[in-house]
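Here the structure comes first, spelled out in structure tokens, and everything after it is commentary.
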Amino acid sequence: MDRDDTTLRVLSTSDLAGLDISLTDVVDTVEQAYRTLAAGRSDNPRKLTVKPADGHSVAYAMLGRDGDRDVVATKTSYKHGLRESRDRQHYYTTLTLYDDVTGLPVAMMDCSRVGSLRTPAVSALLARECAAPGASTALLIGTGTQGRLALPFLLTTLPALDRLLLSGTHPDGVAAVRAELARHFPGRDVEVVGDLRTAAKEADVVVATAGAHTTAAVEADWLGPDATTILVGHGLAPSTLHRADRVVATSEAQMRVTGTDLADADGALPPVDLELPAVLSGASEVRTADGQRVFAYNSGLVVTDIALGHRFAQLAAAQGLGTEVALWT
């Protein structure tokens with residue numbers, strides 16, 4: 001991109017939808033963002049949250065700096081109608097990037113596709129680092145936005161997975177999960193399961209992406225001795241966290257803010273053993289003994305949004321996509 005360009009490139013949902021990016025490119029971009037953070041070259045302050053007393057909406061603001069790309073950015077997220085069905089909710093998220101070498105704006109974009117790719121990529125990295133050697137079976141819980149790309153990303157980081165299980169209740173969602181899997185990995189299919197307890201016992205990796213209204217809740221007793229559970233949305237009971245042998249989080253601070261539904265009767269959460277940036281940097285290993293159950297909490301970090309958003313901005317500029325706006329003139 002031209003670092004002397006003083007205009008702001010505005011990228012809409014449709015602009016970003018037309019960009020082609022491989023799963024490997026997404027995973028590599030997200031992983032590099034974590035490694036740079038672990039090296040102390042990026043900044044990821046704690047997010048700000050506002051929520052009215054009646055809980056009908058929630059808004060977040062996140063600021064960060066990617067030291068590898070020399071980019072500063074702000075991300076905002078606003079959801080309205082939390083008590084309504086999904087089709088009646090309103091959700092808007094934006095990312096604004098600035099070049100920290102020239103001091104000039106880079107792009108402002110709808111951040112929904114960035115998030116829809118970043119989150120399953122992080123889950124896939126967690127699975128790669130946390131899964132026991134020889135893991136071969138994965139169980140996905142949920143068929144919403146985060147669930148639909150979960151299996152293709154898992155196969156990207158764990159290509160040895162030979163059995164894929166799916167727990168979902170919405171026919172359209174199940175069909176969408178199958179379609180995404182076939183698009184990225186032709187010839188692969190997923191088994192839809194009815195008995196969640198049996199499926200959980202058979203799974204080496206469980207990724208829970210279900211919505212807040214799900215009745216699915218895998219208990220610790222249902223899991224095998226080497227199981228890895230990864231929580232993105234809902235679908236895991238608190239026991240999977242409290243009875244885990246090892247706990248990994250993308251950010252312990254964020255987990256203690258957004259993971260309160262996992263607290264015990266005293267309102268407490270167990271300590272986190274490792275954070276993902278340290279694991280990816282090679283400073284620590286997740287598993288220290290055989291037969292350990294690992295719980296991983298995927299809450300996302302803004303530095304990963306910044307890195308992936310900047311990658312999208314590069315691709316969009318190369319293709320001439322977006323609208324250039326002289327916002328400050």
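Within each chain, counting starts at residue 1; across the structure tokens, chains are named A, B, ... in the order shown, with ligands numbered 1 upward in that order.
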
- Message: Give me the residues near range 290-292 of chain A as a PyMOL selection string, where near means some atom within 7 Å (using only C-alpha atoms) and where sequence neighbours in that chain fewer than 3 positions away do not count.
- Response: chain A and resi 225-226+245+287

- Task: Would you kindly return, as JSON, numbers by chain, each protein, DNA or RNA residue with an atom no farther than 12 Å from any atom of Gly267 in chain A, considering only C-alpha atoms and excluding same-chain residues fewer than 6 positions away?
- Result: {"A": [238, 256, 259, 260, 261]}

Selection to disk with C-alpha atoms, as a PDB file, in the first residue's frame:
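Result written to selection-v7.pdb:
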```
ATOM      1  CA  PRO A 238     -18.279 -25.035  34.222  1.00  0.00           C
ATOM      2  CA  ARG A 256     -12.014 -13.073  34.146  1.00  0.00           C
ATOM      3  CA  GLY A 259     -16.076 -15.836  31.566  1.00  0.00           C
ATOM      4  CA  THR A 260     -18.085 -15.093  34.690  1.00  0.00           C
ATOM      5  CA  ASP A 261     -20.757 -17.626  33.694  1.00  0.00           C
TER       6      ASP A 261
END
```

Any idea what's packed within 12 Å of Gly115 in chain A, counting only C-alpha atoms, ignoring anything in its chain fewer than 2 positions away? Could you give it as a PDB file with N, CA and C atoms, in the first residue's frame?
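The resulting file, selection.pdb, is shown below:
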```pdb
ATOM      1  N   VAL A  26      -4.646 -16.945   6.925  1.00  0.00           N
ATOM      2  CA  VAL A  26      -5.302 -16.431   8.130  1.00  0.00           C
ATOM      3  C   VAL A  26      -4.592 -16.948   9.382  1.00  0.00           C
ATOM      4  N   VAL A  30      -2.570 -14.607  12.147  1.00  0.00           N
ATOM      5  CA  VAL A  30      -2.982 -14.567  13.556  1.00  0.00           C
ATOM      6  C   VAL A  30      -1.849 -15.055  14.458  1.00  0.00           C
ATOM      7  N   LYS A  75     -10.850  -0.856  17.541  1.00  0.00           N
ATOM      8  CA  LYS A  75     -11.972  -1.700  17.157  1.00  0.00           C
ATOM      9  C   LYS A  75     -13.143  -1.383  18.066  1.00  0.00           C
ATOM     10  N   THR A  76     -14.321  -1.260  17.490  1.00  0.00           N
ATOM     11  CA  THR A  76     -15.529  -1.064  18.284  1.00  0.00           C
ATOM     12  C   THR A  76     -16.516  -2.176  17.965  1.00  0.00           C
ATOM     13  N   SER A  77     -17.318  -2.522  18.944  1.00  0.00           N
ATOM     14  CA  SER A  77     -18.301  -3.588  18.779  1.00  0.00           C
ATOM     15  C   SER A  77     -19.547  -3.214  19.554  1.00  0.00           C
ATOM     16  N   TYR A  92     -22.969  -4.413  15.097  1.00  0.00           N
ATOM     17  CA  TYR A  92     -22.073  -3.641  14.250  1.00  0.00           C
ATOM     18  C   TYR A  92     -20.675  -3.650  14.865  1.00  0.00           C
ATOM     19  N   THR A  93     -19.675  -3.911  14.059  1.00  0.00           N
ATOM     20  CA  THR A  93     -18.298  -3.878  14.543  1.00  0.00           C
ATOM     21  C   THR A  93     -17.409  -3.274  13.471  1.00  0.00           C
ATOM     22  N   THR A  94     -16.525  -2.373  13.860  1.00  0.00           N
ATOM     23  CA  THR A  94     -15.661  -1.684  12.907  1.00  0.00           C
ATOM     24  C   THR A  94     -14.216  -1.715  13.391  1.00  0.00           C
ATOM     25  N   LEU A  95     -13.307  -1.599  12.434  1.00  0.00           N
ATOM     26  CA  LEU A  95     -11.873  -1.547  12.723  1.00  0.00           C
ATOM     27  C   LEU A  95     -11.276  -0.406  11.920  1.00  0.00           C
ATOM     28  N   MET A 109     -12.951  -0.415   8.262  1.00  0.00           N
ATOM     29  CA  MET A 109     -13.685  -1.530   7.671  1.00  0.00           C
ATOM     30  C   MET A 109     -14.710  -2.131   8.617  1.00  0.00           C
ATOM     31  N   ASP A 110     -15.699  -2.755   8.010  1.00  0.00           N
ATOM     32  CA  ASP A 110     -16.570  -3.650   8.757  1.00  0.00           C
ATOM     33  C   ASP A 110     -15.688  -4.787   9.258  1.00  0.00           C
ATOM     34  N   CYS A 111     -15.770  -5.084  10.555  1.00  0.00           N
ATOM     35  CA  CYS A 111     -14.856  -6.064  11.140  1.00  0.00           C
ATOM     36  C   CYS A 111     -15.493  -7.446  11.285  1.00  0.00           C
ATOM     37  N   SER A 112     -16.695  -7.623  10.752  1.00  0.00           N
ATOM     38  CA  SER A 112     -17.380  -8.892  10.978  1.00  0.00           C
ATOM     39  C   SER A 112     -16.662 -10.058  10.303  1.00  0.00           C
ATOM     40  N   ARG A 113     -16.185  -9.893   9.057  1.00  0.00           N
ATOM     41  CA  ARG A 113     -15.488 -11.011   8.419  1.00  0.00           C
ATOM     42  C   ARG A 113     -14.142 -11.271   9.082  1.00  0.00           C
ATOM     43  N   LEU A 117     -13.258 -15.020  10.798  1.00  0.00           N
ATOM     44  CA  LEU A 117     -12.087 -15.817  10.439  1.00  0.00           C
ATOM     45  C   LEU A 117     -11.097 -15.917  11.593  1.00  0.00           C
ATOM     46  N   ARG A 118     -10.887 -14.816  12.283  1.00  0.00           N
ATOM     47  CA  ARG A 118      -9.917 -14.805  13.377  1.00  0.00           C
ATOM     48  C   ARG A 118     -10.268 -15.783  14.475  1.00  0.00           C
ATOM     49  N   THR A 119     -11.549 -15.833  14.874  1.00  0.00           N
ATOM     50  CA  THR A 119     -11.924 -16.667  16.010  1.00  0.00           C
ATOM     51  C   THR A 119     -11.694 -18.150  15.757  1.00  0.00           C
ATOM     52  N   PRO A 120     -12.164 -18.725  14.645  1.00  0.00           N
ATOM     53  CA  PRO A 120     -11.871 -20.139  14.426  1.00  0.00           C
ATOM     54  C   PRO A 120     -10.387 -20.409  14.189  1.00  0.00           C
ATOM     55  N   ALA A 121      -9.660 -19.422  13.672  1.00  0.00           N
ATOM     56  CA  ALA A 121      -8.214 -19.602  13.514  1.00  0.00           C
ATOM     57  C   ALA A 121      -7.545 -19.715  14.880  1.00  0.00           C
ATOM     58  N   VAL A 122      -7.980 -18.900  15.838  1.00  0.00           N
ATOM     59  CA  VAL A 122      -7.430 -18.976  17.195  1.00  0.00           C
ATOM     60  C   VAL A 122      -7.782 -20.317  17.832  1.00  0.00           C
ATOM     61  N   THR A 145     -22.325 -18.717  13.224  1.00  0.00           N
ATOM     62  CA  THR A 145     -21.248 -18.073  12.478  1.00  0.00           C
ATOM     63  C   THR A 145     -19.892 -18.633  12.850  1.00  0.00           C
ATOM     64  N   GLN A 146     -19.615 -18.789  14.152  1.00  0.00           N
ATOM     65  CA  GLN A 146     -18.309 -19.272  14.584  1.00  0.00           C
ATOM     66  C   GLN A 146     -18.131 -20.760  14.343  1.00  0.00           C
ATOM     67  N   LEU A 149     -16.898 -22.318  10.247  1.00  0.00           N
ATOM     68  CA  LEU A 149     -15.525 -22.439   9.756  1.00  0.00           C
ATOM     69  C   LEU A 149     -14.622 -23.169  10.745  1.00  0.00           C
ATOM     70  N   SER A 299     -10.992 -15.969  23.859  1.00  0.00           N
ATOM     71  CA  SER A 299     -11.708 -14.695  23.964  1.00  0.00           C
ATOM     72  C   SER A 299     -11.246 -13.688  22.925  1.00  0.00           C
ATOM     73  N   GLY A 300     -10.188 -13.994  22.197  1.00  0.00           N
ATOM     74  CA  GLY A 300      -9.720 -13.082  21.162  1.00  0.00           C
ATOM     75  C   GLY A 300      -8.947 -11.898  21.733  1.00  0.00           C
ATOM     76  N   LEU A 301      -7.973 -11.433  20.995  1.00  0.00           N
ATOM     77  CA  LEU A 301      -7.206 -10.243  21.353  1.00  0.00           C
ATOM     78  C   LEU A 301      -7.210  -9.291  20.166  1.00  0.00           C
ATOM     79  N   VAL A 302      -7.264  -8.006  20.449  1.00  0.00           N
ATOM     80  CA  VAL A 302      -7.405  -7.034  19.366  1.00  0.00           C
ATOM     81  C   VAL A 302      -6.191  -7.044  18.438  1.00  0.00           C
ATOM     82  N   VAL A 303      -5.008  -7.452  18.938  1.00  0.00           N
ATOM     83  CA  VAL A 303      -3.841  -7.468  18.054  1.00  0.00           C
ATOM     84  C   VAL A 303      -4.046  -8.446  16.900  1.00  0.00           C
ATOM     85  N   THR A 304      -4.825  -9.504  17.120  1.00  0.00           N
ATOM     86  CA  THR A 304      -5.090 -10.439  16.029  1.00  0.00           C
ATOM     87  C   THR A 304      -6.059  -9.823  15.015  1.00  0.00           C
ATOM     88  N   ASP A 305      -7.027  -9.052  15.483  1.00  0.00           N
ATOM     89  CA  ASP A 305      -7.917  -8.322  14.573  1.00  0.00           C
ATOM     90  C   ASP A 305      -7.127  -7.309  13.746  1.00  0.00           C
ATOM     91  N   ILE A 306      -6.187  -6.649  14.401  1.00  0.00           N
ATOM     92  CA  ILE A 306      -5.385  -5.639  13.702  1.00  0.00           C
ATOM     93  C   ILE A 306      -4.560  -6.280  12.597  1.00  0.00           C
ATOM     94  N   ALA A 307      -3.891  -7.381  12.916  1.00  0.00           N
ATOM     95  CA  ALA A 307      -3.045  -8.043  11.918  1.00  0.00           C
ATOM     96  C   ALA A 307      -3.869  -8.545  10.740  1.00  0.00           C
ATOM     97  N   LEU A 308      -4.990  -9.195  11.042  1.00  0.00           N
ATOM     98  CA  LEU A 308      -5.810  -9.737   9.964  1.00  0.00           C
ATOM     99  C   LEU A 308      -6.513  -8.620   9.193  1.00  0.00           C
ATOM    100  N   GLY A 309      -6.959  -7.586   9.907  1.00  0.00           N
ATOM    101  CA  GLY A 309      -7.570  -6.442   9.230  1.00  0.00           C
ATOM    102  C   GLY A 309      -6.587  -5.756   8.300  1.00  0.00           C
ATOM    103  N   PHE A 312      -6.233  -7.762   5.184  1.00  0.00           N
ATOM    104  CA  PHE A 312      -7.362  -7.496   4.296  1.00  0.00           C
ATOM    105  C   PHE A 312      -7.195  -6.156   3.586  1.00  0.00           C
TER     106      PHE A 312
END
```

- Task: Would you please extract all strand (DSSP E) residues from range 96-262 of chain A, as assigned by DSSP on the backbone, and give them as a VMD selection string?
- Result: chain A and resid 96 to 99 105 to 110 137 to 141 163 to 167 191 to 192 205 to 208 228 to 231 246 to 249

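In terms of minimum interatomic distance to Glu202 in chain A, A:Leu139 ranks closest within A:Leu161, A:Leu276, A:Leu139, A:Ala61, counting only C-alpha atoms.
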
- Tell me, in Å to one decimal, how far CA of Arg35 in chain A is from CA of Ser251 in chain A. 13.7 Å

- Message: Would you pick out the contacts of Arg188 in chain A at 12 Å or less, using only C-alpha atoms, so that residues sharing its chain but fewer than 3 positions from it are not included, and give the list as a PyMOL selection string?
- Response: chain A and resi 151-152+155+159+161-165+177-185+191
